[in-house]
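Next comes input05.txt, a file with compact mmCIF, C-alpha atoms and all ligand atoms.
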```
# COMPACT_ATOMS: atom_id res chain seq x y z
CA MET A 23 0.00 0.00 0.00
CA LYS A 24 1.37 3.45 -0.86
CA PHE A 25 0.33 6.77 0.64
CA LYS A 26 2.45 9.87 0.41
CA TYR A 27 1.06 11.07 3.76
CA VAL A 28 0.14 8.95 6.78
CA VAL A 29 -1.25 10.31 10.05
CA VAL A 30 -1.26 8.31 13.28
CA GLY A 31 -4.11 9.35 15.57
CA ALA A 32 -7.48 10.89 14.66
CA GLY A 33 -7.61 13.48 17.46
CA LEU A 34 -7.74 17.19 16.71
CA ALA A 35 -4.02 17.30 15.86
CA GLY A 36 -4.20 14.41 13.38
CA LEU A 37 -7.52 15.45 11.83
CA THR A 38 -6.38 19.03 11.28
CA VAL A 39 -3.23 17.94 9.44
CA ALA A 40 -5.18 15.33 7.43
CA GLU A 41 -7.87 17.84 6.50
CA ARG A 42 -5.29 20.37 5.28
CA ILE A 43 -3.40 17.78 3.21
CA ALA A 44 -6.66 16.53 1.68
CA SER A 45 -8.15 19.96 0.96
CA GLU A 46 -5.25 22.26 0.26
CA LEU A 47 -2.78 19.85 -1.33
CA ASP A 48 -5.48 17.64 -2.83
CA GLU A 49 -3.41 14.61 -1.81
CA LYS A 50 -4.61 11.32 -0.40
CA VAL A 51 -3.90 10.75 3.28
CA LEU A 52 -4.29 7.68 5.46
CA VAL A 53 -5.29 8.19 9.10
CA ILE A 54 -4.69 5.25 11.45
CA GLU A 55 -6.59 5.33 14.75
CA LYS A 56 -6.54 2.68 17.45
CA ARG A 57 -9.88 3.59 19.02
CA ASN A 58 -13.22 2.76 17.41
CA HIS A 59 -14.01 6.42 16.75
CA ILE A 60 -12.36 9.60 15.52
CA GLY A 61 -11.99 12.82 17.55
CA GLY A 62 -9.53 11.60 20.17
CA ASN A 63 -10.31 13.04 23.57
CA VAL A 64 -12.80 15.61 22.33
CA TYR A 65 -15.17 12.82 21.26
CA ASP A 66 -18.77 13.15 22.45
CA SER A 67 -21.80 10.89 22.03
CA TYR A 68 -25.43 10.47 23.06
CA ASN A 69 -25.84 8.15 26.04
CA GLU A 70 -28.65 5.62 26.43
CA ASP A 71 -30.97 8.35 27.72
CA GLY A 72 -30.29 10.47 24.64
CA ILE A 73 -28.17 13.07 26.45
CA LEU A 74 -25.01 14.37 24.77
CA ILE A 75 -21.99 13.66 26.98
CA HIS A 76 -18.25 14.23 26.59
CA ASN A 77 -16.83 10.71 26.88
CA TYR A 78 -13.34 11.86 27.95
CA GLY A 79 -14.34 14.69 30.29
CA PRO A 80 -15.84 18.13 29.74
CA HIS A 81 -14.35 20.08 26.82
CA ILE A 82 -14.99 23.80 26.52
CA PHE A 83 -13.76 25.56 23.42
CA HIS A 84 -12.20 28.98 24.04
CA THR A 85 -9.60 30.89 22.10
CA SER A 86 -8.28 34.30 21.27
CA ASP A 87 -6.73 32.92 18.08
CA ARG A 88 -9.00 34.19 15.32
CA ASP A 89 -7.50 31.93 12.64
CA VAL A 90 -8.16 28.81 14.71
CA TYR A 91 -11.71 29.95 15.44
CA LEU A 92 -12.39 30.62 11.75
CA TYR A 93 -10.76 27.35 10.72
CA LEU A 94 -12.93 25.23 13.05
CA SER A 95 -15.98 27.30 12.14
CA ARG A 96 -15.79 25.75 8.67
CA PHE A 97 -16.83 22.47 10.26
CA THR A 98 -19.30 23.56 12.90
CA GLN A 99 -21.56 26.32 14.11
CA TRP A 100 -21.27 27.23 17.80
CA ASN A 101 -23.57 28.01 20.67
CA ASP A 102 -22.51 31.09 22.63
CA TYR A 103 -21.71 29.21 25.82
CA GLN A 104 -19.49 31.11 28.26
CA HIS A 105 -17.86 28.84 30.81
CA LYS A 106 -18.73 29.25 34.51
CA VAL A 107 -17.20 27.36 37.42
CA LEU A 108 -18.16 27.39 41.08
CA ALA A 109 -16.20 25.86 43.96
CA TYR A 110 -17.83 24.30 47.00
CA VAL A 111 -15.91 25.73 49.97
CA ASP A 112 -16.98 25.77 53.64
CA GLY A 113 -20.56 24.99 52.60
CA ASN A 114 -20.74 27.88 50.09
CA LEU A 115 -20.57 27.93 46.31
CA VAL A 116 -18.02 30.58 45.29
CA PRO A 117 -17.06 31.64 41.76
CA LEU A 118 -13.75 30.76 40.14
CA PRO A 119 -11.45 32.35 39.09
CA ILE A 120 -11.07 34.45 42.23
CA THR A 121 -13.06 37.66 42.00
CA VAL A 122 -14.34 40.11 44.58
CA GLU A 123 -17.49 37.99 44.83
CA THR A 124 -15.38 34.94 45.75
CA VAL A 125 -13.61 36.82 48.53
CA ASN A 126 -16.84 38.40 49.80
CA LYS A 127 -18.52 34.99 50.04
CA LEU A 128 -15.52 33.28 51.65
CA TYR A 129 -15.02 35.94 54.32
CA ASN A 130 -18.52 37.41 54.59
CA LEU A 131 -17.27 40.82 53.46
CA ASN A 132 -18.64 43.55 51.28
CA LEU A 133 -15.59 44.71 49.32
CA ASP A 134 -15.85 46.37 45.94
CA CYS A 135 -13.59 45.58 42.99
CA SER A 136 -11.13 48.38 43.73
CA GLN A 137 -10.43 46.86 47.16
CA LEU A 138 -9.64 43.32 45.96
CA GLU A 139 -6.04 43.97 44.96
CA GLY A 140 -5.21 45.50 48.35
CA PHE A 141 -7.00 42.67 50.18
CA LEU A 142 -5.02 39.99 48.35
CA LYS A 143 -1.77 41.92 48.73
CA ASP A 144 -2.23 41.87 52.52
CA LYS A 145 -2.85 38.12 52.43
CA ALA A 146 -0.04 37.27 49.99
CA GLU A 147 3.19 35.84 51.42
CA LYS A 148 6.48 37.42 50.47
CA LEU A 149 8.76 34.66 49.25
CA ASP A 150 12.37 35.02 48.11
CA GLU A 151 11.95 32.55 45.29
CA ILE A 152 8.96 31.06 43.43
CA LYS A 153 9.90 27.46 42.71
CA THR A 154 6.73 25.39 43.01
CA SER A 155 2.98 25.62 42.45
CA ARG A 156 2.55 26.13 46.18
CA ASP A 157 4.84 29.17 46.07
CA VAL A 158 2.86 30.63 43.18
CA ALA A 159 -0.41 30.40 45.11
CA LEU A 160 1.00 31.60 48.44
CA SER A 161 2.60 34.62 46.81
CA LYS A 162 -0.55 35.48 44.87
CA VAL A 163 -3.44 34.87 47.29
CA GLY A 164 -1.90 33.91 50.66
CA ARG A 165 -2.12 30.80 52.83
CA ASP A 166 -5.80 30.85 53.75
CA ILE A 167 -7.19 31.03 50.20
CA TYR A 168 -4.49 28.59 49.07
CA GLU A 169 -5.67 26.08 51.67
CA LYS A 170 -9.38 26.65 51.00
CA ILE A 171 -9.29 26.48 47.19
CA PHE A 172 -6.03 25.19 45.74
CA GLU A 173 -4.12 22.91 48.08
CA ASN A 174 -6.42 19.90 48.31
CA TYR A 175 -7.76 20.22 44.78
CA THR A 176 -4.22 20.05 43.44
CA LYS A 177 -3.41 17.11 45.75
CA LYS A 178 -6.45 15.22 44.44
CA GLN A 179 -5.71 16.13 40.84
CA TRP A 180 -2.03 15.17 40.85
CA GLY A 181 -1.73 12.82 43.82
CA VAL A 182 1.13 14.91 45.22
CA ASP A 183 1.54 18.06 47.28
CA PRO A 184 1.60 21.34 45.27
CA ALA A 185 5.02 21.93 46.84
CA GLU A 186 6.30 19.12 44.58
CA LEU A 187 4.84 20.45 41.35
CA ASP A 188 6.47 23.02 39.15
CA THR A 189 5.02 26.49 38.75
CA SER A 190 3.04 25.73 35.59
CA VAL A 191 0.20 23.90 37.36
CA ILE A 192 -1.32 26.56 39.61
CA SER A 193 -0.24 29.58 37.59
CA ARG A 194 -3.04 28.77 35.15
CA ILE A 195 -5.67 29.95 37.68
CA PRO A 196 -6.05 33.71 37.38
CA VAL A 197 -7.43 36.36 39.72
CA ARG A 198 -9.91 38.86 38.23
CA TYR A 199 -10.12 42.42 39.44
CA ASN A 200 -13.52 43.10 37.84
CA ARG A 201 -16.97 41.51 38.11
CA ASP A 202 -16.46 39.15 35.18
CA THR A 203 -17.13 35.72 36.64
CA ARG A 204 -16.58 33.81 33.39
CA TYR A 205 -13.88 31.18 33.72
CA PHE A 206 -12.14 32.20 30.49
CA ALA A 207 -11.74 35.72 29.15
CA ASP A 208 -11.00 34.63 25.56
CA ARG A 209 -12.57 36.45 22.67
CA TYR A 210 -14.18 33.35 21.15
CA GLN A 211 -15.96 30.79 23.30
CA GLY A 212 -18.65 28.23 22.67
CA MET A 213 -19.60 24.64 22.12
CA PRO A 214 -20.00 23.03 18.69
CA ARG A 215 -23.75 23.25 18.06
CA HIS A 216 -24.07 19.57 17.11
CA GLY A 217 -21.19 18.33 19.23
CA TYR A 218 -17.46 17.69 18.77
CA ALA A 219 -17.91 14.31 17.09
CA ARG A 220 -19.99 15.90 14.33
CA MET A 221 -17.39 18.66 13.93
CA CYS A 222 -14.67 16.00 13.60
CA GLU A 223 -16.74 14.00 11.09
CA ASN A 224 -17.02 17.14 8.99
CA MET A 225 -13.25 17.65 9.17
CA ALA A 226 -12.72 14.09 7.96
CA ALA A 227 -15.39 14.19 5.24
CA ASN A 228 -12.96 14.93 2.38
CA LYS A 229 -12.80 12.02 -0.09
CA ASN A 230 -8.97 12.15 0.01
CA ILE A 231 -9.02 11.07 3.67
CA LYS A 232 -9.05 7.33 4.36
CA ILE A 233 -9.52 6.35 7.99
CA MET A 234 -8.57 3.02 9.48
CA LEU A 235 -10.18 2.61 12.94
CA ASN A 236 -9.46 -0.05 15.60
CA THR A 237 -5.86 -0.26 14.41
CA ASP A 238 -2.68 0.32 16.34
CA TYR A 239 -0.34 1.82 13.76
CA LYS A 240 2.37 -0.74 14.62
CA GLU A 241 0.13 -3.53 13.27
CA ILE A 242 0.13 -2.02 9.81
CA ILE A 243 2.87 0.55 9.33
CA GLY A 244 5.37 -2.00 8.02
CA LEU A 245 3.04 -2.68 5.10
CA ILE A 246 2.70 0.94 4.04
CA GLU A 247 5.09 2.95 1.91
CA TYR A 248 4.95 6.61 2.84
CA ASP A 249 6.94 9.81 2.39
CA ILE A 250 5.87 11.55 5.58
CA LEU A 251 4.39 10.20 8.79
CA PHE A 252 2.63 12.59 11.19
CA TYR A 253 2.68 10.92 14.57
CA THR A 254 0.26 12.09 17.31
CA GLY A 255 0.45 9.02 19.59
CA PRO A 256 2.63 8.63 22.73
CA VAL A 257 6.29 9.28 21.96
CA ASP A 258 7.61 6.66 24.42
CA TYR A 259 5.49 3.99 22.66
CA PHE A 260 6.94 5.05 19.29
CA TYR A 261 10.42 4.26 20.62
CA ASP A 262 9.33 1.06 22.42
CA TYR A 263 9.95 2.73 25.79
CA LYS A 264 13.71 2.59 25.29
CA HIS A 265 14.28 5.52 27.67
CA GLY A 266 11.50 4.46 30.04
CA ARG A 267 7.83 5.29 30.31
CA LEU A 268 6.53 8.85 30.52
CA SER A 269 4.16 9.37 33.45
CA TYR A 270 0.68 10.71 33.11
CA ARG A 271 -2.17 11.46 35.43
CA SER A 272 -5.39 9.76 34.45
CA ILE A 273 -9.03 10.26 35.41
CA ARG A 274 -11.88 7.84 36.05
CA PHE A 275 -15.09 9.42 34.79
CA GLU A 276 -18.25 8.35 36.59
CA PHE A 277 -21.40 9.24 34.64
CA GLU A 278 -24.83 9.31 36.22
CA THR A 279 -28.20 10.24 34.76
CA VAL A 280 -30.55 11.86 37.21
CA ASP A 281 -34.30 11.90 36.78
CA LYS A 282 -34.73 15.66 37.07
CA GLU A 283 -34.22 18.52 34.66
CA GLU A 284 -31.40 20.23 36.52
CA TYR A 285 -28.75 18.98 38.95
CA GLN A 286 -26.52 21.87 40.05
CA GLU A 287 -26.22 25.67 39.90
CA ALA A 288 -23.31 25.83 37.45
CA PRO A 289 -22.07 23.72 34.53
CA VAL A 290 -19.00 22.73 36.59
CA VAL A 291 -18.71 22.65 40.37
CA ASN A 292 -15.29 21.99 41.90
CA TYR A 293 -14.95 20.18 45.23
CA PRO A 294 -11.48 21.09 46.51
CA ASN A 295 -11.91 19.76 50.05
CA ASP A 296 -14.91 17.41 50.10
CA TYR A 297 -15.31 13.94 48.53
CA ASP A 298 -12.74 12.02 46.48
CA PHE A 299 -13.77 13.47 43.12
CA THR A 300 -12.45 16.84 41.97
CA ARG A 301 -15.46 18.19 40.14
CA ILE A 302 -18.95 17.52 38.81
CA THR A 303 -19.96 18.56 35.30
CA GLU A 304 -23.57 18.77 34.15
CA PHE A 305 -23.43 18.38 30.36
CA LYS A 306 -26.78 19.94 29.45
CA LYS A 307 -25.52 23.21 30.92
CA LEU A 308 -22.67 23.18 28.39
CA THR A 309 -24.54 21.95 25.35
CA TRP A 310 -27.89 23.65 26.04
CA GLN A 311 -29.68 20.44 25.18
CA LYS A 312 -33.33 20.29 26.32
CA HIS A 313 -34.22 17.03 28.08
CA GLY A 314 -36.36 15.96 31.03
CA LYS A 315 -33.40 14.19 32.65
CA THR A 316 -29.82 15.34 33.12
CA THR A 317 -26.42 13.57 33.05
CA ILE A 318 -23.57 14.48 35.36
CA CYS A 319 -19.96 13.32 35.47
CA LYS A 320 -17.75 13.01 38.55
CA GLU A 321 -13.99 12.99 37.98
CA TYR A 322 -11.73 10.78 40.09
CA PRO A 323 -8.05 11.44 39.27
CA CYS A 324 -5.87 8.32 39.33
CA SER A 325 -2.50 7.11 38.16
CA GLU A 326 -3.62 4.11 36.07
CA GLY A 327 -5.68 4.40 32.90
CA GLU A 328 -5.75 6.51 29.74
CA PRO A 329 -2.89 9.02 29.66
CA TYR A 330 -4.46 12.47 30.13
CA TYR A 331 -2.17 14.99 31.82
CA PRO A 332 1.64 14.86 31.43
CA PHE A 333 3.21 14.83 34.88
CA PRO A 334 4.87 18.23 35.40
CA THR A 335 7.93 17.15 37.39
CA LYS A 336 11.64 17.52 36.67
CA GLU A 337 12.12 13.73 36.40
CA CYS A 338 9.44 13.35 33.73
CA LYS A 339 10.78 16.29 31.76
CA ALA A 340 14.24 14.71 31.84
CA VAL A 341 12.90 11.46 30.37
CA TYR A 342 11.08 13.39 27.68
CA ALA A 343 14.29 15.27 26.82
CA LEU A 344 15.89 11.91 25.94
CA TYR A 345 13.07 11.15 23.52
CA GLU A 346 13.35 14.64 22.10
CA GLU A 347 16.92 13.88 21.06
CA GLU A 348 15.68 10.80 19.19
CA MET A 349 12.89 12.77 17.52
CA LYS A 350 15.35 15.33 16.17
CA LYS A 351 17.11 12.56 14.24
CA GLU A 352 13.98 11.46 12.35
CA ARG A 353 13.92 12.52 8.72
CA ASN A 354 10.35 11.80 7.67
CA VAL A 355 8.43 11.58 10.93
CA ILE A 356 6.80 14.68 12.39
CA PHE A 357 5.69 14.54 16.00
CA LEU A 358 2.78 16.68 17.11
CA GLY A 359 -0.05 16.78 19.62
CA ARG A 360 -0.33 16.29 23.34
CA LEU A 361 0.98 12.70 23.48
CA ALA A 362 3.83 13.02 21.00
CA GLU A 363 5.04 16.31 22.49
CA TYR A 364 4.25 15.30 26.08
CA ARG A 365 2.63 18.58 26.96
CA TYR A 366 -0.81 19.81 27.85
CA TYR A 367 -2.44 21.51 24.87
CA ASN A 368 -5.84 23.13 24.89
CA MET A 369 -7.89 22.36 21.80
CA ASP A 370 -7.18 25.71 20.17
CA ALA A 371 -3.44 25.38 20.80
CA VAL A 372 -3.28 21.91 19.29
CA VAL A 373 -5.15 23.06 16.19
CA ARG A 374 -2.80 26.05 15.91
CA ARG A 375 0.18 23.71 16.22
CA ALA A 376 -1.21 21.39 13.53
CA LEU A 377 -1.92 24.30 11.16
CA ASP A 378 1.64 25.59 11.64
CA VAL A 379 3.15 22.13 11.12
CA PHE A 380 1.14 21.74 7.93
CA GLU A 381 2.40 25.10 6.58
CA GLU A 382 5.99 24.10 7.35
CA VAL A 383 5.60 20.77 5.57
CA LYS A 384 3.84 22.37 2.62
CA ASN A 385 6.67 24.86 2.17
CA ARG A 386 9.38 22.26 2.63
CA TYR A 387 8.02 19.42 0.48
CA GLU A 388 5.44 20.93 -1.83
CA GLY A 389 6.80 24.46 -2.35
C1 LIG B 1 -10.07 15.73 30.98
C2 LIG B 1 -9.66 16.69 29.90
C3 LIG B 1 -10.40 17.86 29.74
C4 LIG B 1 -10.02 18.77 28.75
N1 LIG B 1 -10.77 19.91 28.63
C5 LIG B 1 -10.42 20.82 27.69
C6 LIG B 1 -11.16 22.02 27.56
O1 LIG B 1 -12.14 22.27 28.29
N2 LIG B 1 -10.79 22.92 26.61
C7 LIG B 1 -9.71 22.68 25.78
O2 LIG B 1 -9.42 23.53 24.93
N3 LIG B 1 -9.00 21.54 25.89
C8 LIG B 1 -9.31 20.60 26.81
N4 LIG B 1 -8.60 19.44 26.92
C9 LIG B 1 -7.47 19.20 25.98
C10 LIG B 1 -7.89 18.48 24.69
O3 LIG B 1 -8.43 17.21 25.00
C11 LIG B 1 -6.64 18.33 23.80
O4 LIG B 1 -6.19 19.59 23.40
C12 LIG B 1 -6.85 17.54 22.51
O5 LIG B 1 -7.57 16.37 22.72
C13 LIG B 1 -5.48 17.19 21.94
O6 LIG B 1 -5.62 16.55 20.69
P1 LIG B 1 -4.52 15.52 20.20
O7 LIG B 1 -4.90 15.16 18.81
O8 LIG B 1 -3.17 16.05 20.45
O9 LIG B 1 -4.65 14.26 21.18
P2 LIG B 1 -5.78 13.14 21.33
O10 LIG B 1 -7.13 13.75 21.31
O11 LIG B 1 -5.41 12.32 22.49
O12 LIG B 1 -5.62 12.27 20.00
C14 LIG B 1 -4.58 11.31 19.84
C15 LIG B 1 -5.19 10.11 19.13
O13 LIG B 1 -4.13 9.19 18.81
C16 LIG B 1 -4.65 7.89 18.98
N5 LIG B 1 -3.52 6.96 19.19
C17 LIG B 1 -2.68 6.90 20.24
N6 LIG B 1 -1.79 5.90 20.08
C18 LIG B 1 -2.07 5.32 18.89
C19 LIG B 1 -1.51 4.23 18.18
N7 LIG B 1 -0.53 3.50 18.68
N8 LIG B 1 -2.03 3.89 16.96
C20 LIG B 1 -3.09 4.59 16.46
N9 LIG B 1 -3.67 5.64 17.11
C21 LIG B 1 -3.17 5.99 18.29
C22 LIG B 1 -5.52 8.01 20.23
O14 LIG B 1 -6.44 6.93 20.31
C23 LIG B 1 -6.19 9.36 19.98
O15 LIG B 1 -7.42 9.23 19.31
C24 LIG B 1 -8.90 18.52 27.92
C25 LIG B 1 -8.16 17.35 28.10
C26 LIG B 1 -8.52 16.45 29.09
C27 LIG B 1 -7.69 15.22 29.28
```
Represent the structure of the file as structure tokens.
Amino acid sequence: MKFKYVVVGAGLAGLTVAERIASELDEKVLVIEKRNHIGGNVYDSYNEDGILIHNYGPHIFHTSDRDVYLYLSRFTQWNDYQHKVLAYVDGNLVPLPITVETVNKLYNLNLDCSQLEGFLKDKAEKLDEIKTSRDVALSKVGRDIYEKIFENYTKKQWGVDPAELDTSVISRIPVRYNRDTRYFADRYQGMPRHGYARMCENMAANKNIKIMLNTDYKEIIGLIEYDILFYTGPVDYFYDYKHGRLSYRSIRFEFETVDKEEYQEAPVVNYPNDYDFTRITEFKKLTWQKHGKTTICKEYPCSEGEPYYPFPTKECKAVYALYEEEMKKERNVIFLGRLAEYRYYNMDAVVRRALDVFEEVKNRYEG
């Protein structure tokens, strides 16, 4: 079998590259996917009660990258969903990220926005050096808010103390000095009107794209002649774990359909200190589906299972650096996506990365 272009993995990274090759270059491309569906982790489906759920955890599209937004908008329309998150702390539901409303509810105060910065400055600890996620939080919001909102959530999420995690983990949680209680402040936000799976089907609809499902690429790759392989699977697997396994944090998703129209006040409620799960998502509040029942999902972080979040420790980064050296030596394999690059990508960032990789390849091989 001969294909000039082969893509391993039909997640957003693989589908974006395949779509561009098929449409812009008008070349045939083979996509090999080991699961029984395309879409990778953004895949969604209707459960037995007819409610649209996100099979691999809640996915909210948000971006300030206009090109990415316009690119994906070729394959879907959007609802205007703006993400909201509440945290259950000391028996109260408080908004995240931290705003004046969060502080007022936590401490029974009546501050206005102009007073929030001063309030947090008084609470913040002065540290000589910011080395860990714990340091980031302590120096931004102080010990009490750190303990109420971040410490235990991070412990549940990663299975280790924030003092052992590098600064990237907690620094993603911003503080807002206005009354905007949306979780993201990006210019474009929303959910695909008919779901992510439909969006992905539309991306893959070009007749130049051939998809082979239920196939680990190693079962078949020896039988295919190709010029360029785009690899979006795990990089350690590609090299048969020769430098060891890369660690990931996984999540067990527990879905439950409840016989009432509404379950909770917000689409996502975080539980930093109570229960073993980290958060509960109510899908209808994201998708705006109308239904007499509602489906929720509780997330239990764990170390075994599907690889979801690369482990942000020095040791893991050192192992990845060894694989990076191997990757640099490859002449016709291009590594992209969250598993091949061992980094957390949001959906918009992975699409941006795939579009950039495609342009590079186009200029190098087709120009
Ligand atoms: C719980 C969770 C929540 C998230 N929420 C958001 C969110 O709200 N907003 C947001 O922007 N982003 C979110 N993300 C990130 C988003 O899921 C990623 O950006 C996106 O899925 C990355 O796409 P990808 O193609 O790189 O990887 P993937 O989607 O993982 O695709 C890789 C594909 O390769 C296939 N594969 C692997 N190995 C092989 C093999 N050996 N042979 C053949 N195929 C193989 C896999 O089956 C998979 O389908 C979330 C991620 C997680 C884990």
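Note that the spacing between atom CA of A:Thr317 and atom CA of A:Arg271 amounts to 24.5 Å.
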- Message: List the spatial neighbours of A:Ala32 as an MDAnalysis selection string - criterion: any atom at most 7 Å away, only C-alpha atoms, same-chain residues fewer than 2 positions off excluded.
- Response: chainID A and resid 30 34 36:37 53 55 60:62
Include C-alpha atoms and write out the residues we just selected as a PDB file, in the coordinates of the input.
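Contents of the output file result35.pdb:
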```pdb
ATOM      1  CA  VAL A  30      -1.260   8.310  13.280  1.00  0.00           C
ATOM      2  CA  LEU A  34      -7.740  17.190  16.710  1.00  0.00           C
ATOM      3  CA  GLY A  36      -4.200  14.410  13.380  1.00  0.00           C
ATOM      4  CA  LEU A  37      -7.520  15.450  11.830  1.00  0.00           C
ATOM      5  CA  VAL A  53      -5.290   8.190   9.100  1.00  0.00           C
ATOM      6  CA  GLU A  55      -6.590   5.330  14.750  1.00  0.00           C
ATOM      7  CA  ILE A  60     -12.360   9.600  15.520  1.00  0.00           C
ATOM      8  CA  GLY A  61     -11.990  12.820  17.550  1.00  0.00           C
ATOM      9  CA  GLY A  62      -9.530  11.600  20.170  1.00  0.00           C
TER      10      GLY A  62
END
```
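Residues surrounding A:Pro289 within 7 Å are A:Lys106, A:Val107, A:Thr303, A:Glu304, A:Phe305, A:Lys307, A:Leu308 [all atoms listed in the file; sequence separation below 4 positions excluded].
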- Task: Might you pull out every residue within 12 Å of A:Ala44, with all atoms listed in the file counted and same-chain residues fewer than 3 positions away left off, and present them as a list in words?
- Result: Lys26, Tyr27, Val28, Val29, Leu37, Thr38, Val39, Ala40, Glu41, Leu47, Asp48, Glu49, Lys50, Val51, Leu52, Val53, Met225, Ala226, Ala227, Asn228, Lys229, Asn230, Ile231, Lys232 and Phe380 of chain A
Those residues with C-alpha atoms, as a PDB file, keeping the file's coordinate frame please?
```pdb
ATOM      1  CA  LYS A  26       2.450   9.870   0.410  1.00  0.00           C
ATOM      2  CA  TYR A  27       1.060  11.070   3.760  1.00  0.00           C
ATOM      3  CA  VAL A  28       0.140   8.950   6.780  1.00  0.00           C
ATOM      4  CA  VAL A  29      -1.250  10.310  10.050  1.00  0.00           C
ATOM      5  CA  LEU A  37      -7.520  15.450  11.830  1.00  0.00           C
ATOM      6  CA  THR A  38      -6.380  19.030  11.280  1.00  0.00           C
ATOM      7  CA  VAL A  39      -3.230  17.940   9.440  1.00  0.00           C
ATOM      8  CA  ALA A  40      -5.180  15.330   7.430  1.00  0.00           C
ATOM      9  CA  GLU A  41      -7.870  17.840   6.500  1.00  0.00           C
ATOM     10  CA  LEU A  47      -2.780  19.850  -1.330  1.00  0.00           C
ATOM     11  CA  ASP A  48      -5.480  17.640  -2.830  1.00  0.00           C
ATOM     12  CA  GLU A  49      -3.410  14.610  -1.810  1.00  0.00           C
ATOM     13  CA  LYS A  50      -4.610  11.320  -0.400  1.00  0.00           C
ATOM     14  CA  VAL A  51      -3.900  10.750   3.280  1.00  0.00           C
ATOM     15  CA  LEU A  52      -4.290   7.680   5.460  1.00  0.00           C
ATOM     16  CA  VAL A  53      -5.290   8.190   9.100  1.00  0.00           C
ATOM     17  CA  MET A 225     -13.250  17.650   9.170  1.00  0.00           C
ATOM     18  CA  ALA A 226     -12.720  14.090   7.960  1.00  0.00           C
ATOM     19  CA  ALA A 227     -15.390  14.190   5.240  1.00  0.00           C
ATOM     20  CA  ASN A 228     -12.960  14.930   2.380  1.00  0.00           C
ATOM     21  CA  LYS A 229     -12.800  12.020  -0.090  1.00  0.00           C
ATOM     22  CA  ASN A 230      -8.970  12.150   0.010  1.00  0.00           C
ATOM     23  CA  ILE A 231      -9.020  11.070   3.670  1.00  0.00           C
ATOM     24  CA  LYS A 232      -9.050   7.330   4.360  1.00  0.00           C
ATOM     25  CA  PHE A 380       1.140  21.740   7.930  1.00  0.00           C
TER      26      PHE A 380
END
```
- Write out as a ChimeraX atom specification the residues lying within 10 Å of stretch 197-213 of chain A, counting all atoms listed in the file and excluding same-chain residues fewer than 3 positions away. /A:81-88,90-92,98-108,117-124,134-139,142,162-163,194,216-218,308-310
If you take all atoms listed in the file and a cut-off of 7 Å, which residues of chain A touch ligand LIG 1 (chain B), and what are their nearest atom pairs and distances in Å to one decimal, in chain and number order, as CSV?
```
residue,atom,partner,partner_atom,distance
A:Val30,CA,B:LIG1,C20,5.2
A:Gly31,CA,B:LIG1,O13,3.2
A:Ala32,CA,B:LIG1,O15,4.9
A:Gly33,CA,B:LIG1,O12,3.4
A:Leu34,CA,B:LIG1,O7,4.1
A:Ala35,CA,B:LIG1,O7,3.7
A:Gly36,CA,B:LIG1,O7,5.5
A:Ile54,CA,B:LIG1,C20,5.3
A:Glu55,CA,B:LIG1,N9,3.8
A:Lys56,CA,B:LIG1,C20,4.1
A:Arg57,CA,B:LIG1,O14,5.0
A:Ile60,CA,B:LIG1,O15,6.2
A:Gly61,CA,B:LIG1,O15,6.1
A:Gly62,CA,B:LIG1,O15,3.3
A:Asn63,CA,B:LIG1,O10,4.0
A:Val64,CA,B:LIG1,O5,5.3
A:Tyr78,CA,B:LIG1,C1,5.9
A:Gly79,CA,B:LIG1,C1,4.4
A:Pro80,CA,B:LIG1,C3,5.4
A:His81,CA,B:LIG1,O1,3.4
A:Ile82,CA,B:LIG1,O1,3.7
A:Phe83,CA,B:LIG1,O2,5.0
A:His84,CA,B:LIG1,O2,6.2
A:Thr237,CA,B:LIG1,C20,5.9
A:Asp238,CA,B:LIG1,N8,3.7
A:Tyr239,CA,B:LIG1,N8,4.2
A:Lys240,CA,B:LIG1,N7,6.5
A:Thr254,CA,B:LIG1,O13,5.5
A:Gly255,CA,B:LIG1,C17,3.8
A:Pro256,CA,B:LIG1,N6,5.8
A:Tyr330,CA,B:LIG1,C27,4.3
A:Tyr331,CA,B:LIG1,C27,6.1
A:Leu358,CA,B:LIG1,O8,6.9
A:Gly359,CA,B:LIG1,O8,3.3
A:Arg360,CA,B:LIG1,O8,4.1
A:Leu361,CA,B:LIG1,O8,6.1
A:Tyr366,CA,B:LIG1,C9,6.9
A:Tyr367,CA,B:LIG1,O4,4.5
A:Asn368,CA,B:LIG1,O2,3.6
A:Met369,CA,B:LIG1,O4,3.6
A:Asp370,CA,B:LIG1,O2,5.7
A:Ala371,CA,B:LIG1,O4,6.9
A:Val372,CA,B:LIG1,O4,5.5
```
- Message: To one decimal place in Å, what is the distance between atom CA of A:Lys320 and atom CA of A:Glu287?
- Response: 15.3 Å
- Query: Which value, in Å to one decimal, gives the distance between atom CA of A:Ser45 and atom CA of A:Gly244?
  - Reply: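 Answer for the atom CA of A:Ser45 to atom CA of A:Gly244 separation: 26.7 Å.
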